[in-house]
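**Student:** Before we start, here is the structure in question, set down as structure tokens.
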Amino acid sequence: MAYRDETEALRARVEELETENASLREQLAVASATPDDVKNETARRWLGGPVLIEIDRSFQGTLSREAHEPIVELLQERFGAMGTASVIGNTLTWRQGPYNGQRVLEVTISSRRGQTRVHMLERLGSVAGGLFGGIVGGVGGGGMGLVIPLAMLVSPALALGLAPLWLVFIYGIVRAGFGAMARRHEAEVHAAGTALVKIVEAELVPEPPRVRVDVPADESSELDPHEADAQKTQRASR
């Protein structure tokens with residue numbers, strides 16, 4: 001009778017852990033729909049690292065198209081990928097991924113109205129979803145189907161205590177791995193952003209000052225219409 005009670009308690013605990021795992025997935029989904037600052041704060045707390053890495057700088061001056069080539073070369077060198085570059089008007093856009101397992105990164109440099117903006121953004125939400133949803137949900141939840149029966153051969157009480165420890169263990173490994181990867185990407189993006197800003201600052205063309213020119217009114221406008229016509233006739237005869 002005691003064995004049956006322990007087994008029922010173990011099943012109840014497993015269901016509770018599966019509910020907690022589902023709650024973690026929901027929190028990850030909520031984090032993907034919140035503003036960037038809240039999203040990153042939530043991600044650092046629960047996932048161990050940011051899901052958005054962003055650099056946003058503005059400068060006075062216009063960037064010439066001649067600067068686009070060294071910028072693209074810098075990005076290709078820094079991130080080890082050709083990427084896709086496009087120019088529309090005075091806006092240069094360089095994208096990398098998400099195909100072939102590449103990181104999802106976008107760099108936009110736009111010049112308008114005498115100002116230039118540099119914007120870099122890398123998204124890690126899909127990576128976090130794959131790791132935590134796939135590994136924690138798959139290995140953590142699915143692994144209990146193997147770990148718990150083995151533990152029950154020794155003692156149902158051992159299995160009851162081992163189930164939460166197994167999930168915590170898998171979650172901790174995934175969190176540490178994602179956190180290390182996210183921090184490495186963050187350092188690489190900021191280093192590339194610093195080098196990019198140096199190129200932009202060196203290539204900026206200052207906006208020429210606007211000079212107001214007062215055009216004197218035509219003297220003939222002050223004359224009588226007949227006198228103005230007479231002057232125009234004299235000028236034409238000359």
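All residue names refer to the structure tokens as shown: chains lettered A, B, ... in order, residues numbered from 1 in each chain, ligands numbered from 1 in order.
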Please identify which residues in region 46-211 of chain A DSSP calls strand (DSSP E or B) from the backbone, and express them as a count of residues only.
**Tutor:** 42
**Student:** Using only C-alpha atoms, which residues sit within 7 Å of Gly83 (chain A) once same-chain residues fewer than 6 positions away are excluded, as a count of residues only?
**Tutor:** 4
**Student:** Which is closer to Ser64 (chain A) than all the others in A:Val87, A:Val127, A:Ala81, A:Leu105, using only C-alpha atoms?
**Tutor:**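 Of A:Val87, A:Val127, A:Ala81, A:Leu105, the one nearest Ser64 (chain A), counting only C-alpha atoms, is A:Val87.
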